[in-house]
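K.L.:
Sharing a structure below in structure tokens format, with a few things to ask.
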Amino acid sequence: MHDNLNGHFLQQESWKYILRVVEDETIFFKTKLSRVLANDLEKSHLNDLEIFQHRFLMMDEQVVLLRHEVRELQEIIQQQAVATPLPASIITQQQGVALKIERLQQSFNELASDFSSYLHQSFT
């Protein structure tokens, strides 16, 4: 039972780390975006950069929601500490969070690549 809880705890800590990294990287890109916006730009660039700003804000929102889900799951697992194995509903919920974290990483990687490519193509 104790090893089972440790495994769940380690997985949740891994998720929290991933969320912190995505959050930090998003802050970095938003700072970069604000520096670009501080310059005089053509309207076409403003439209494109506004889309990136929106995508970064959506990424922030996803991080907040997932952080909340991870915290809730952690509380549920701690409450179920006496149950071995964990009920199927909790395992299903855990798998759902794992999938959402994976999708968030993929979405962030795509956004980071798109933004970096746009900056390189448009401002170098």
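Chain labels run A, B, ... following the order of the structure tokens; each chain numbers its residues from 1, and ligands are numbered from 1 in the order shown.
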I'd like the neighbourhood of region 12-26 of chain A as a list in words, where a residue qualifies if any of its atoms comes within 7 Å (using only C-alpha atoms), though same-chain residues fewer than 3 positions away should be ignored.
P.N.:
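Listing them by chain and then by number gives His8, Phe9, Phe29, Lys30, Phe56, Asp60, Val63, Arg67 and Val70 of chain A.
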K.L.:
Can you pull out the residues contacting Gln95 (chain A)? Cut-off 12 Å, using only C-alpha atoms, and skip same-chain residues under 6 positions away; I want them as a list in words.
P.N.:
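Residues meeting the cut-off are His8, Gln11, Gln12, Glu69, Val70, Leu73, Ala88, Ser89, Ile101 and Glu102 of chain A.
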K.L.:
Would you put the residues from that selection into a file with N, CA and C atoms, as a tab-separated table (two decimals), in the first residue's frame?
P.N.:
chain	number	residue	atom	x	y	z
A	8	HIS	N	1.97	7.07	-6.79
A	8	HIS	CA	1.00	8.12	-7.13
A	8	HIS	C	1.56	9.49	-6.79
A	11	GLN	N	4.16	10.54	-9.36
A	11	GLN	CA	3.53	10.93	-10.60
A	11	GLN	C	2.94	12.34	-10.48
A	12	GLN	N	2.29	12.62	-9.37
A	12	GLN	CA	1.70	13.94	-9.17
A	12	GLN	C	2.77	15.02	-9.07
A	69	GLU	N	-6.88	20.28	-10.96
A	69	GLU	CA	-7.23	18.86	-11.08
A	69	GLU	C	-6.22	17.97	-10.37
A	70	VAL	N	-4.94	18.29	-10.51
A	70	VAL	CA	-3.90	17.49	-9.86
A	70	VAL	C	-4.06	17.59	-8.34
A	73	LEU	N	-7.05	15.50	-7.27
A	73	LEU	CA	-6.73	14.08	-7.36
A	73	LEU	C	-5.83	13.66	-6.20
A	88	ALA	N	-11.47	1.95	-9.23
A	88	ALA	CA	-11.33	2.15	-10.68
A	88	ALA	C	-11.64	3.58	-11.09
A	89	SER	N	-12.58	4.22	-10.41
A	89	SER	CA	-12.93	5.60	-10.78
A	89	SER	C	-11.76	6.56	-10.56
A	101	ILE	N	-2.23	16.27	-19.30
A	101	ILE	CA	-0.87	16.80	-19.15
A	101	ILE	C	-0.08	16.58	-20.43
A	102	GLU	N	-0.22	15.39	-21.01
A	102	GLU	CA	0.48	15.07	-22.26
A	102	GLU	C	0.03	16.01	-23.38
K.L.:
Can you list, as a PyMOL selection string, every protein, DNA or RNA residue that comes within 9 Å of Phe115 (chain A) when you count only C-alpha atoms, leaving out same-chain residues fewer than 3 positions away?
P.N.:
chain A and resi 29+49+52+110-112+118-120
K.L.:
If you keep C-alpha atoms, can you produce a file of those selected residues as a compact mmCIF listing (two decimals), in the first residue's frame?
P.N.:
# COMPACT_ATOMS: atom_id res chain seq x y z
CA PHE A 29 7.35 33.97 -24.27
CA LEU A 49 0.84 38.92 -32.32
CA PHE A 52 -0.20 34.59 -30.10
CA GLU A 110 3.56 23.57 -30.87
CA LEU A 111 2.87 27.09 -29.60
CA ALA A 112 6.51 27.67 -28.68
CA TYR A 118 7.09 33.64 -36.49
CA LEU A 119 9.57 35.87 -34.69
CA HIS A 120 12.45 34.51 -36.74
